[in-house]
file run-v6.cif (mmCIF, C-alpha atoms)
data_start
loop_
_atom_site.label_atom_id
_atom_site.label_comp_id
_atom_site.auth_asym_id
_atom_site.auth_seq_id
_atom_site.Cartn_x
_atom_site.Cartn_y
_atom_site.Cartn_z
CA MET F 214 172.40 57.73 107.94
CA PHE F 215 170.77 55.21 105.57
CA GLU F 216 173.28 52.58 106.68
CA CYS F 217 172.37 53.22 110.33
CA GLY F 218 168.72 52.55 109.48
CA MET F 219 167.54 56.07 110.22
CA PHE F 220 165.50 56.23 107.00
CA LYS F 221 162.88 53.82 105.71
CA GLU F 222 161.29 53.69 102.28
CA VAL F 223 157.62 54.69 102.42
CA ILE F 224 155.76 52.45 99.98
CA GLY F 225 152.14 51.53 100.54
CA ALA F 226 148.94 51.22 98.52
CA ASN F 227 148.82 54.31 96.30
CA GLN F 228 151.49 55.99 98.40
CA TYR F 229 154.23 55.68 95.79
CA ASN F 230 156.54 58.55 95.20
CA TYR F 231 156.76 59.32 91.47
CA ASP F 232 160.52 58.97 91.70
CA LEU F 233 160.15 55.42 92.98
CA VAL F 234 157.72 54.52 90.20
CA GLY F 235 159.91 56.31 87.68
CA SER F 236 158.96 56.60 84.05
CA LYS F 237 157.88 52.95 83.78
CA PRO F 238 154.32 52.67 82.41
CA ILE F 239 151.74 51.59 84.99
CA SER F 240 148.40 49.81 84.64
CA ALA F 241 145.15 51.16 86.08
CA PRO F 242 145.47 51.20 89.89
CA SER F 243 142.91 49.33 91.96
CA GLU F 244 142.12 52.01 94.56
CA CYS F 245 141.30 54.95 92.31
CA GLU F 246 138.62 56.39 94.59
CA GLN F 247 141.14 57.13 97.33
CA ASP F 248 143.03 59.39 94.94
CA CYS F 249 139.97 61.58 94.20
CA VAL F 250 139.20 64.69 96.25
CA ASP F 251 136.22 67.01 95.76
CA THR F 252 137.03 70.44 94.24
CA ALA F 253 134.04 72.48 95.43
CA TYR F 254 134.32 76.29 95.43
CA VAL F 255 134.89 77.72 98.88
CA THR F 256 133.98 81.35 99.47
CA LYS F 257 136.98 83.18 100.86
CA SER F 258 136.69 86.29 102.96
CA ASN F 259 139.42 88.90 102.95
CA HIS F 260 141.23 88.48 106.26
CA PHE F 261 143.88 91.17 105.77
CA ASN F 262 143.57 94.20 108.02
CA GLN F 263 145.73 96.30 105.78
CA VAL F 264 147.29 96.11 102.33
CA LEU F 265 150.70 97.67 101.66
CA TYR F 266 152.60 98.19 98.41
CA ALA F 267 156.38 98.44 98.54
CA ASP F 268 159.54 98.65 96.49
CA PHE F 269 163.27 98.50 97.17
CA GLU F 270 166.02 100.41 95.40
CA ALA F 271 169.50 98.89 95.43
CA PHE F 272 173.08 99.64 94.47
CA THR F 273 174.15 97.51 91.52
CA ARG F 274 177.71 98.82 91.05
CA ASP F 275 180.66 99.73 93.21
CA SER F 276 182.53 103.04 92.89
CA ALA F 277 184.74 101.56 90.16
CA GLY F 278 181.66 100.67 88.10
CA ASN F 279 181.94 96.91 88.63
CA SER F 280 178.84 94.76 89.19
CA ILE F 281 178.31 93.86 92.83
CA GLU F 282 175.81 91.84 94.82
CA HIS F 283 172.81 94.17 94.93
CA GLU F 284 172.55 96.08 98.20
CA ASP F 285 169.35 97.78 99.29
CA PHE F 286 169.53 101.43 100.23
CA MET F 287 165.93 102.54 100.07
CA LEU F 288 162.52 101.05 100.79
CA CYS F 289 159.33 102.95 100.04
CA PHE F 290 155.88 101.73 100.88
CA ALA F 291 152.36 103.01 100.81
CA SER F 292 149.19 101.68 102.35
CA SER F 293 145.76 101.61 100.79
CA THR F 294 144.69 103.90 103.63
CA GLY F 295 146.87 106.62 102.11
CA TYR F 296 149.93 106.47 104.37
CA ARG F 297 153.40 106.61 102.78
CA ALA F 298 156.84 106.12 104.26
CA ASP F 299 160.39 105.48 103.26
CA GLY F 300 163.58 104.31 104.88
CA ARG F 301 166.73 102.37 104.32
CA ASN F 302 165.68 98.74 104.72
CA ILE F 303 162.94 96.31 105.78
CA TYR F 304 163.11 97.42 109.42
CA VAL F 305 161.45 100.70 108.50
CA LEU F 306 158.36 98.71 107.51
CA THR F 307 158.35 96.43 110.55
CA ASN F 308 158.92 99.37 112.91
CA TRP F 309 156.17 101.34 111.23
CA LEU F 310 153.73 98.44 111.61
CA GLU F 311 154.63 98.06 115.28
CA SER F 312 153.99 101.72 115.97
CA TRP F 313 150.86 101.82 113.77
CA TYR F 314 149.21 98.99 115.70
CA ALA F 315 150.44 100.35 119.03
CA ASP F 316 147.98 103.17 118.45
CA GLN F 317 144.61 102.07 119.84
CA GLU F 318 142.78 103.78 116.99
CA HIS F 319 144.20 101.30 114.47
CA VAL F 320 143.89 98.06 116.41
CA PRO F 321 141.48 95.61 114.74
CA GLU F 322 139.45 93.08 116.72
CA ALA F 323 140.65 90.03 114.78
CA ARG F 324 143.74 88.18 115.97
CA PRO F 325 146.41 87.78 114.73
CA ILE F 326 146.65 91.11 112.94
CA GLU F 327 147.29 90.31 109.28
CA VAL F 328 148.94 92.62 106.79
CA LEU F 329 149.46 91.93 103.09
CA CYS F 330 152.42 93.57 101.35
CA TYR F 331 152.79 93.51 97.57
CA PHE F 332 156.09 93.85 95.74
CA TYR F 333 156.40 93.85 91.97
CA ASN F 334 158.74 90.94 91.24
CA LEU F 335 159.07 89.73 94.82
CA ASN F 336 161.73 87.23 93.79
CA TYR F 337 164.17 90.15 93.41
CA ASP F 338 163.09 92.17 96.44
CA ALA F 339 162.89 89.11 98.72
CA GLN F 340 166.70 88.89 98.82
CA PHE F 341 166.87 92.20 100.70
CA ILE F 342 164.40 90.92 103.31
CA PHE F 343 166.07 87.50 103.64
CA ASN F 344 169.49 89.19 104.04
CA ARG F 345 168.43 91.44 106.89
CA TYR F 346 165.48 89.77 108.61
CA ASN F 347 166.25 86.44 110.20
CA LYS F 348 162.77 85.50 111.41
CA ILE F 349 161.12 84.40 108.16
CA ASN F 350 158.22 81.95 108.62
CA GLU F 351 158.96 78.47 107.34
CA GLN F 352 156.65 78.30 104.37
CA VAL F 353 158.24 80.16 101.45
CA LEU F 354 156.15 79.57 98.33
CA ARG F 355 158.01 79.25 95.06
CA THR F 356 156.88 78.76 91.48
CA ASN F 357 159.50 77.67 88.95
CA GLY F 358 162.13 78.44 91.58
CA LYS F 359 160.90 82.01 92.03
CA VAL F 360 159.67 83.27 95.40
CA ILE F 361 156.02 84.29 95.14
CA GLN F 362 154.98 84.45 98.81
CA PHE F 363 156.39 84.31 102.32
CA SER F 364 155.56 85.84 105.66
CA ILE F 365 157.09 87.20 108.84
CA ASN F 366 155.65 87.62 112.32
CA ILE F 367 156.24 90.81 114.29
CA TRP F 368 155.49 90.74 118.00
CA SER F 369 153.23 93.60 119.04
CA GLU F 370 153.74 94.19 122.76
CA PRO F 371 150.78 96.55 123.38
CA ASN F 372 148.37 94.15 121.65
CA ASN F 373 149.99 91.02 123.06
CA CYS F 374 149.77 89.31 119.70
CA PHE F 375 151.67 88.84 116.45
CA ILE F 376 151.35 91.01 113.39
CA LYS F 377 151.65 88.60 110.48
CA VAL F 378 153.01 90.29 107.36
CA THR F 379 152.53 88.31 104.16
CA PHE F 380 154.72 89.40 101.26
CA ARG F 381 153.25 88.56 97.88
CA ASP F 382 154.28 89.05 94.27
CA ALA F 383 151.98 91.35 92.27
CA LEU F 384 153.77 90.27 89.09
CA MET F 385 151.90 86.95 89.35
CA PHE F 386 148.76 88.80 88.25
CA PHE F 387 150.47 90.32 85.20
CA PRO F 388 152.94 87.68 83.96
CA ALA F 389 155.89 89.02 81.93
CA THR F 390 154.55 92.58 82.08
CA PRO F 391 156.99 95.33 83.11
CA LEU F 392 155.71 97.77 85.73
CA SER F 393 156.01 100.57 83.15
CA GLN F 394 153.20 98.97 81.11
CA LEU F 395 150.69 98.80 83.96
CA PRO F 396 149.48 102.44 83.81
CA GLY F 397 148.65 102.00 80.11
CA MET F 398 146.73 98.79 80.87
CA PHE F 399 144.58 100.51 83.47
CA GLY F 400 144.06 103.86 81.69
CA GLU F 401 146.34 105.77 84.09
CA ALA F 402 148.34 107.65 81.44
CA ASN F 403 149.42 110.33 83.94
CA LEU F 404 151.18 107.65 85.98
CA GLU F 405 154.10 107.08 83.63
CA LYS F 406 157.15 105.37 85.14
CA GLU F 407 160.10 107.72 85.55
CA ILE F 408 163.67 107.50 84.26
CA PHE F 409 166.32 106.14 86.61
CA PRO F 410 170.11 105.75 86.21
CA TYR F 411 170.43 102.44 88.13
CA ASN F 412 174.13 101.93 87.47
CA TYR F 413 175.05 105.52 88.34
CA TYR F 414 173.92 105.06 91.93
CA ASN F 415 176.64 103.61 94.14
CA ALA F 416 177.31 103.85 97.87
CA GLU F 417 180.03 106.49 97.50
CA ARG F 418 178.03 108.86 95.31
CA TYR F 419 174.86 108.31 97.35
CA LEU F 420 176.64 109.30 100.56
CA ALA F 421 178.07 112.39 98.84
CA GLY F 422 174.47 113.22 97.91
CA VAL F 423 175.12 115.26 94.78
CA GLY F 424 175.22 113.71 91.31
CA SER F 425 176.09 114.93 87.85
CA ILE F 426 173.10 115.06 85.49
CA SER F 427 175.16 114.55 82.32
CA GLU F 428 177.03 111.57 83.80
CA ALA F 429 173.90 110.00 85.28
CA PHE F 430 172.09 110.36 81.95
CA LEU F 431 174.61 108.02 80.33
CA ASP F 432 173.15 105.24 82.53
CA CYS F 433 169.51 105.99 81.64
CA LYS F 434 169.14 103.29 79.03
CA ARG F 435 165.69 101.88 79.66
CA GLY F 436 163.17 103.32 77.17
CA ASN F 437 165.84 105.42 75.36
CA PRO F 438 164.94 108.74 77.02
CA THR F 439 166.44 112.08 75.97
CA LEU F 440 168.48 114.34 78.24
CA THR F 441 165.56 116.81 78.23
CA ASP F 442 163.23 114.06 79.54
CA PHE F 443 165.70 113.25 82.30
CA ILE F 444 166.10 116.90 83.33
CA ALA F 445 162.30 117.35 83.28
CA SER F 446 162.01 114.31 85.52
CA ILE F 447 164.60 115.72 87.96
CA GLU F 448 162.77 119.04 88.04
CA LYS F 449 159.45 117.29 88.74
CA ALA F 450 161.15 115.70 91.74
CA CYS F 451 162.42 119.17 92.83
CA ALA F 452 165.88 117.56 92.92
CA ARG F 453 167.82 119.89 90.62
CA LEU F 454 170.63 121.64 92.48
CA GLY F 455 172.43 123.41 89.62
CA ALA F 456 173.02 123.39 85.87
CA ASP F 457 174.50 119.87 85.98
CA GLN F 458 173.82 118.77 89.55
CA PHE F 459 170.97 116.92 91.21
CA ASP F 460 170.10 115.68 94.69
CA MET F 461 170.58 111.91 94.50
CA TYR F 462 168.51 111.04 97.60
CA LYS F 463 165.61 113.27 96.64
CA TYR F 464 165.47 111.99 93.07
CA CYS F 465 165.68 108.36 94.15
CA LEU F 466 162.96 108.90 96.71
CA TYR F 467 160.76 110.47 94.04
CA TYR F 468 161.42 107.59 91.64
CA CYS F 469 160.81 104.91 94.27
CA THR F 470 157.59 106.50 95.57
CA ARG F 471 156.41 106.87 92.00
CA ASP F 472 156.93 103.13 91.40
CA VAL F 473 155.00 102.33 94.55
CA GLU F 474 152.20 104.68 93.52
CA ILE F 475 151.98 103.02 90.08
CA LEU F 476 151.82 99.60 91.74
CA MET F 477 149.23 100.70 94.30
CA ARG F 478 146.89 102.51 91.93
CA CYS F 479 147.02 99.81 89.27
CA MET F 480 146.51 96.98 91.78
CA GLU F 481 143.62 98.79 93.47
CA LYS F 482 142.01 99.45 90.09
CA PHE F 483 142.51 95.82 89.11
CA ARG F 484 141.00 94.73 92.43
CA THR F 485 137.95 96.93 91.89
CA GLN F 486 137.49 95.60 88.35
CA VAL F 487 137.75 91.98 89.47
CA LEU F 488 135.40 92.62 92.39
CA GLU F 489 132.82 94.24 90.11
CA GLY F 490 133.20 91.75 87.27
CA PHE F 491 133.65 88.45 89.08
CA GLU F 492 132.89 89.17 92.75
CA LEU F 493 136.30 87.81 93.71
CA ASP F 494 138.92 89.60 95.79
CA ILE F 495 142.42 89.40 94.31
CA ASN F 496 143.90 89.68 97.80
CA ASN F 497 142.66 86.12 98.43
CA TYR F 498 144.57 84.69 95.49
CA LEU F 499 148.22 84.25 94.63
CA SER F 500 148.19 84.56 90.88
CA ILE F 501 146.05 85.20 87.82
CA SER F 502 145.84 81.41 87.36
CA SER F 503 144.46 80.73 90.84
CA LEU F 504 142.01 83.61 90.33
CA SER F 505 140.89 82.10 87.04
CA ILE F 506 140.44 78.63 88.57
CA ALA F 507 138.43 80.15 91.44
CA TYR F 508 136.13 81.87 88.94
CA GLN F 509 135.61 78.65 86.99
CA LYS F 510 134.84 76.79 90.22
CA LYS F 511 132.41 79.54 91.23
CA GLN F 512 130.62 79.20 87.89
CA GLY F 513 130.24 75.45 88.43
CA CYS F 514 132.72 74.37 85.75
CA PHE F 515 134.17 71.83 88.17
CA ASP F 516 130.96 70.72 89.90
CA SER F 517 131.40 67.07 90.88
CA VAL F 518 134.81 67.03 89.14
CA ALA F 519 137.46 65.48 91.36
CA ALA F 520 141.04 66.57 91.91
CA ILE F 521 143.17 63.50 91.31
CA SER F 522 146.50 62.57 92.81
CA GLY F 523 148.75 59.57 93.31
CA LEU F 524 148.89 56.59 91.00
CA THR F 525 145.55 57.39 89.36
CA ARG F 526 146.94 60.73 88.25
CA LYS F 527 150.06 59.07 86.93
CA PHE F 528 147.95 56.56 85.00
CA LEU F 529 145.81 59.34 83.47
CA ASN F 530 148.94 61.38 82.66
CA GLN F 531 150.06 58.57 80.39
CA CYS F 532 147.08 59.36 78.14
CA VAL F 533 148.27 62.95 77.58
CA VAL F 534 149.88 63.34 74.19
CA GLY F 535 150.31 67.12 74.01
CA GLY F 536 150.42 69.30 70.94
CA ARG F 537 151.53 67.79 67.66
CA CYS F 538 154.10 69.37 65.39
CA MET F 539 154.87 67.26 62.32
CA GLN F 540 154.82 67.22 58.56
CA ALA F 541 153.03 64.60 56.45
CA ASP F 542 154.85 61.23 56.62
CA ASN F 543 157.39 62.87 58.97
CA LYS F 544 159.37 63.95 55.89
CA LYS F 545 160.45 67.21 54.30
CA GLN F 546 157.80 68.44 51.87
CA HIS F 547 158.68 70.23 48.67
CA ILE F 548 155.51 71.42 47.01
CA ILE F 549 155.64 73.22 43.65
CA GLY F 550 152.78 75.32 42.35
CA MET R 136 133.38 69.60 75.53
CA TYR R 137 133.19 68.29 79.05
CA TYR R 138 135.12 67.31 82.16
CA PRO R 139 134.93 63.71 83.37
CA ALA R 140 133.21 63.97 86.74
CA GLY R 141 132.55 61.86 89.82
CA LYS R 142 135.08 59.55 91.32
CA ALA R 143 137.44 57.43 89.27
CA HIS R 144 136.91 53.64 89.30
CA GLN R 145 139.08 50.87 88.05
CA MET R 146 137.29 49.07 85.20
CA ASN R 147 136.19 45.57 86.19
CA PRO R 148 136.59 42.54 83.85
CA GLU R 149 132.94 42.76 82.73
CA GLN R 150 133.31 46.38 81.74
CA ILE R 151 136.58 45.64 79.92
CA ALA R 152 134.92 42.76 78.04
CA PHE R 153 131.95 44.98 77.16
CA TYR R 154 134.11 47.76 75.69
CA ASN R 155 136.38 45.28 73.93
CA ILE R 156 133.48 44.86 71.50
CA PRO R 157 134.05 47.62 68.88
CA THR R 158 130.33 48.43 68.41
CA ASN R 159 129.94 49.07 72.15
CA LEU R 160 132.99 51.34 72.13
CA GLN R 161 131.84 53.29 69.05
CA ARG R 162 128.34 53.80 70.47
CA LEU R 163 129.65 55.06 73.82
CA ASP R 164 128.85 58.73 73.18
CA GLU R 165 126.04 58.15 70.68
CA ILE R 166 123.76 56.38 73.13
CA ASP R 167 124.25 58.58 76.13
CA PRO R 168 126.05 61.96 76.19
CA THR R 169 126.11 61.71 79.97
CA GLY R 170 127.72 58.26 79.84
CA PRO R 171 131.06 57.13 81.20
CA THR R 172 134.50 58.37 80.21
CA LEU R 173 137.25 55.79 79.83
CA PHE R 174 141.00 56.04 80.06
CA VAL R 175 142.46 52.74 78.97
CA GLU R 176 145.63 50.76 78.59
CA VAL R 177 145.22 49.04 75.26
CA VAL R 178 147.14 46.82 72.86
CA LEU R 179 146.65 47.82 69.22
CA SER R 180 147.20 45.69 66.14
CA GLN R 181 148.91 46.82 62.92
CA ALA R 182 147.00 49.71 61.29
CA LYS R 183 144.80 48.62 58.38
CA ILE R 184 144.76 52.13 56.95
CA CYS R 185 148.09 53.98 56.82
CA ARG R 186 147.73 57.77 57.19
CA ARG R 187 150.14 60.58 56.41
CA PHE R 188 149.30 61.97 59.87
CA PRO R 189 149.03 58.76 61.92
CA LEU R 190 147.07 58.73 65.16
CA ARG R 191 149.29 56.39 67.15
CA SER R 192 152.58 57.50 68.66
CA LYS R 193 155.48 56.29 70.74
CA ILE R 194 158.22 58.06 72.63
CA LEU R 195 161.67 57.45 71.14
CA GLU R 196 164.81 57.04 73.23
CA THR R 197 165.64 60.66 72.43
CA GLY R 198 162.45 61.69 74.24
CA VAL R 199 160.73 62.74 71.01
CA ARG R 200 157.16 61.62 70.42
CA ASP R 201 157.00 59.91 67.04
CA PHE R 202 153.66 59.47 65.26
CA THR R 203 153.90 56.33 63.17
CA ASN R 204 151.96 53.76 61.14
CA GLU R 205 154.40 51.05 62.17
CA GLU R 206 153.42 48.44 64.71
CA ILE R 207 154.09 49.29 68.37
CA ALA R 208 154.43 46.26 70.62
CA GLU R 209 153.98 48.10 73.94
CA PRO R 210 150.53 48.86 75.34
CA GLN R 211 149.22 52.35 74.57
CA PHE R 212 147.37 54.68 76.94
CA MET R 213 144.47 56.75 75.64
CA SER R 214 140.98 58.02 76.28
CA HIS R 215 137.99 56.30 74.71
CA ILE R 216 137.71 59.21 72.22
CA ALA R 217 141.27 58.63 70.95
CA LEU R 218 140.59 54.89 70.79
CA GLN R 219 137.35 55.43 68.84
CA ASP R 220 139.27 57.56 66.32
CA ALA R 221 142.04 54.98 66.01
CA VAL R 222 139.51 52.23 65.30
CA GLN R 223 137.35 54.32 62.97
CA PHE R 224 140.02 56.09 60.92
CA GLN R 225 142.94 53.66 60.89
CA GLY R 226 141.08 50.38 61.26
CA PHE R 227 142.96 49.17 64.33
CA SER R 228 141.73 46.14 66.17
CA TYR R 229 142.35 46.51 69.89
CA ARG R 230 142.34 44.77 73.23
CA ILE R 231 141.81 46.74 76.43
CA ILE R 232 144.03 45.49 79.26
CA SER R 233 143.04 47.82 82.07
CA GLY R 234 141.35 51.15 82.52
CA VAL R 235 139.99 53.88 84.72
CA MET R 236 136.40 54.98 84.35
CA PHE R 237 134.49 58.12 85.31
CA THR R 238 130.74 57.68 85.46
CA GLU R 239 129.61 61.33 85.25
CA ARG R 240 130.30 64.32 83.00
CA ASN R 241 130.31 68.07 83.55
CA TYR R 242 129.39 70.10 80.44
CA LYS R 243 129.36 73.54 82.09
CA ILE R 244 132.67 74.79 80.70
#
call {"tool": "encode", "arguments": {"input": "run-v6.cif", "output": "structure tokens"}}
result
Amino acid sequence: MFECGMFKEVIGANQYNYDLVGSKPISAPSECEQDCVDTAYVTKSNHFNQVLYADFEAFTRDSAGNSIEHEDFMLCFASSTGYRADGRNIYVLTNWLESWYADQEHVPEARPIEVLCYFYNLNYDAQFIFNRYNKINEQVLRTNGKVIQFSINIWSEPNNCFIKVTFRDALMFFPATPLSQLPGMFGEANLEKEIFPYNYYNAERYLAGVGSISEAFLDCKRGNPTLTDFIASIEKACARLGADQFDMYKYCLYYCTRDVEILMRCMEKFRTQVLEGFELDINNYLSISSLSIAYQKKQGCFDSVAAISGLTRKFLNQCVVGGRCMQADNKKQHIIG
Amino acid sequence: MYYPAGKAHQMNPEQIAFYNIPTNLQRLDEIDPTGPTLFVEVVLSQAKICRRFPLRSKILETGVRDFTNEEIAEPQFMSHIALQDAVQFQGFSYRIISGVMFTERNYKI
């Protein structure tokens, strides 16, 4: 296609692509002002009509115990308004939203209707949505190759408008923190994450519906729980069927809803704390970093400071040295005494 | 501690000549704490004072940044604060080739 002249290089004043400039040092560019944009704080208002919290459960092994491409078999979600539901895949959520907004009582005035849905580690759960739902909006946001936000539009016939569902990663507010640590962070000790034998669940056993407690326990490795803990957990879920048998669907449902509840209560508590402390709504931000930048902007830390791009940014980047890690004279030191 | 503020400007020949005089460079922050901030491309001479932790560095072919007292032929890029330190503590003489200048500062952080 290059040979046919269908592409042209785009090179103009300060319009260089970094790849074209390469790593060659550059002198101060002449049109610096064009590369500077004001970074004033803009007050954002929460435009989401509803916030949902959701989690998938998936089969990780086949009946022979071999690793397989993960396949979703349960989706649980809860809304901040107190509604909870579960089903097999993403369509349970889209169908629920359609029917929810078909009810005149729930129809907001603003158009389009916007719904925010948090997953914990969206990068993992997104695969189950991408695999089944083929109408994903174009802009899929990624950070370091990981999906952190994307959206879908659901046509609502009674309202004659779209319901826009934005999926967002709650993990971006608590980097490298497992979900099991969230209750402790927010003083919700009674919300402990339950024990789950991920590898024990496969399509064959799940369809049969009844599992063996002693066999399933062998796959409960996370957190090193005891058999007594596992049995107590099964009993809490009212899923025990006999001395060594449990209801696999019921227990999974309990575990999945529990995860969603942990996510919802911790996120809502975090939102309240941030609202009270900083007067910022976390639902308007993608990550803890963007929240932090917004707070600094609000406090005037960046008043009259410009955001810089293009060649000027490249020139200034050349002045960045980074942290230093060296020994005196760049030599091994052997000090006695 | 501050952020350089306002829009960036390319330094004109008069400004480069002004800050090529070491006393003007060293007095940059002393005279006016709201004064300009410079980011410059500069050629440095051989260091008069060799330090065990040298201020000047170059990137080796391996991609490692090497801090050295040896002479570096290529122009260096640094802020006026780094340049002031290089002149004051290692006795470099310098010649600014080009630079970008911010005229305001934001001390609110």
call {"tool": "resolve_selection", "arguments": {"input": "run-v6.cif", "expression": "the PyMOL selection byres ((chain R) within 8 of (chain F))", "output": "PyMOL selection string"}}
result
chain R and resi 138-145+174-176+186-188+212-214+233-235+241-244
call {"tool": "write_last_selection", "arguments": {"input": "run-v6.cif", "atoms": "C-alpha atoms", "output": "short mmCIF file (atom, residue, chain, number, x, y, z; two decimals), in the frame of the given file"}}
result
data_model
loop_
_atom_site.label_atom_id
_atom_site.label_comp_id
_atom_site.auth_asym_id
_atom_site.auth_seq_id
_atom_site.Cartn_x
_atom_site.Cartn_y
_atom_site.Cartn_z
CA TYR R 138 135.12 67.31 82.16
CA PRO R 139 134.93 63.71 83.37
CA ALA R 140 133.21 63.97 86.74
CA GLY R 141 132.55 61.86 89.82
CA LYS R 142 135.08 59.55 91.32
CA ALA R 143 137.44 57.43 89.27
CA HIS R 144 136.91 53.64 89.30
CA GLN R 145 139.08 50.87 88.05
CA PHE R 174 141.00 56.04 80.06
CA VAL R 175 142.46 52.74 78.97
CA GLU R 176 145.63 50.76 78.59
CA ARG R 186 147.73 57.77 57.19
CA ARG R 187 150.14 60.58 56.41
CA PHE R 188 149.30 61.97 59.87
CA PHE R 212 147.37 54.68 76.94
CA MET R 213 144.47 56.75 75.64
CA SER R 214 140.98 58.02 76.28
CA SER R 233 143.04 47.82 82.07
CA GLY R 234 141.35 51.15 82.52
CA VAL R 235 139.99 53.88 84.72
CA ASN R 241 130.31 68.07 83.55
CA TYR R 242 129.39 70.10 80.44
CA LYS R 243 129.36 73.54 82.09
CA ILE R 244 132.67 74.79 80.70
#
call {"tool": "atom_distance", "arguments": {"input": "run-v6.cif", "atom1": "CA of Gly300 (chain F)", "atom2": "CA of Glu448 (chain F)"}}
result
22.4 Å
call {"tool": "residues_around", "arguments": {"input": "run-v6.cif", "residues": "Phe443 (chain F)", "least_positions_apart": "4", "cutoff": "12 Å", "atoms": "all atoms listed in the file", "output": "ChimeraX atom specification"}}
result
/F:406-410,425-439,447-450,452-453,457,459,464,468
call {"tool": "write_last_selection", "arguments": {"input": "run-v6.cif", "atoms": "C-alpha atoms", "output": "PDB file, in the frame of the given file"}}
result
ATOM      1  CA  LYS F 406     157.150 105.370  85.140  1.00  0.00           C
ATOM      2  CA  GLU F 407     160.100 107.720  85.550  1.00  0.00           C
ATOM      3  CA  ILE F 408     163.670 107.500  84.260  1.00  0.00           C
ATOM      4  CA  PHE F 409     166.320 106.140  86.610  1.00  0.00           C
ATOM      5  CA  PRO F 410     170.110 105.750  86.210  1.00  0.00           C
ATOM      6  CA  SER F 425     176.090 114.930  87.850  1.00  0.00           C
ATOM      7  CA  ILE F 426     173.100 115.060  85.490  1.00  0.00           C
ATOM      8  CA  SER F 427     175.160 114.550  82.320  1.00  0.00           C
ATOM      9  CA  GLU F 428     177.030 111.570  83.800  1.00  0.00           C
ATOM     10  CA  ALA F 429     173.900 110.000  85.280  1.00  0.00           C
ATOM     11  CA  PHE F 430     172.090 110.360  81.950  1.00  0.00           C
ATOM     12  CA  LEU F 431     174.610 108.020  80.330  1.00  0.00           C
ATOM     13  CA  ASP F 432     173.150 105.240  82.530  1.00  0.00           C
ATOM     14  CA  CYS F 433     169.510 105.990  81.640  1.00  0.00           C
ATOM     15  CA  LYS F 434     169.140 103.290  79.030  1.00  0.00           C
ATOM     16  CA  ARG F 435     165.690 101.880  79.660  1.00  0.00           C
ATOM     17  CA  GLY F 436     163.170 103.320  77.170  1.00  0.00           C
ATOM     18  CA  ASN F 437     165.840 105.420  75.360  1.00  0.00           C
ATOM     19  CA  PRO F 438     164.940 108.740  77.020  1.00  0.00           C
ATOM     20  CA  THR F 439     166.440 112.080  75.970  1.00  0.00           C
ATOM     21  CA  ILE F 447     164.600 115.720  87.960  1.00  0.00           C
ATOM     22  CA  GLU F 448     162.770 119.040  88.040  1.00  0.00           C
ATOM     23  CA  LYS F 449     159.450 117.290  88.740  1.00  0.00           C
ATOM     24  CA  ALA F 450     161.150 115.700  91.740  1.00  0.00           C
ATOM     25  CA  ALA F 452     165.880 117.560  92.920  1.00  0.00           C
ATOM     26  CA  ARG F 453     167.820 119.890  90.620  1.00  0.00           C
ATOM     27  CA  ASP F 457     174.500 119.870  85.980  1.00  0.00           C
ATOM     28  CA  PHE F 459     170.970 116.920  91.210  1.00  0.00           C
ATOM     29  CA  TYR F 464     165.470 111.990  93.070  1.00  0.00           C
ATOM     30  CA  TYR F 468     161.420 107.590  91.640  1.00  0.00           C
TER      31      TYR F 468
END
call {"tool": "atom_distance", "arguments": {"input": "run-v6.cif", "atom1": "CA of Val264 (chain F)", "atom2": "CA of Leu488 (chain F)"}}
result
15.9 Å
call {"tool": "resolve_selection", "arguments": {"input": "run-v6.cif", "expression": "the PyMOL selection byres ((chain F and resi 470-475) around 8)", "output": "MDAnalysis selection string"}}
result
chainID F and resid 266:268 289:291 392 395:396 404:407 466:469 476:479
call {"tool": "atom_distance", "arguments": {"input": "run-v6.cif", "atom1": "CA of Ala221 (chain R)", "atom2": "CA of His547 (chain F)"}}
result
28.5 Å
call {"tool": "residues_around", "arguments": {"input": "run-v6.cif", "residues": "Gln219 (chain R)", "least_positions_apart": "2", "cutoff": "10 Å", "atoms": "all atoms listed in the file", "output": "PyMOL selection string"}}
result
chain R and resi 157-158+160-163+213-217+221-227
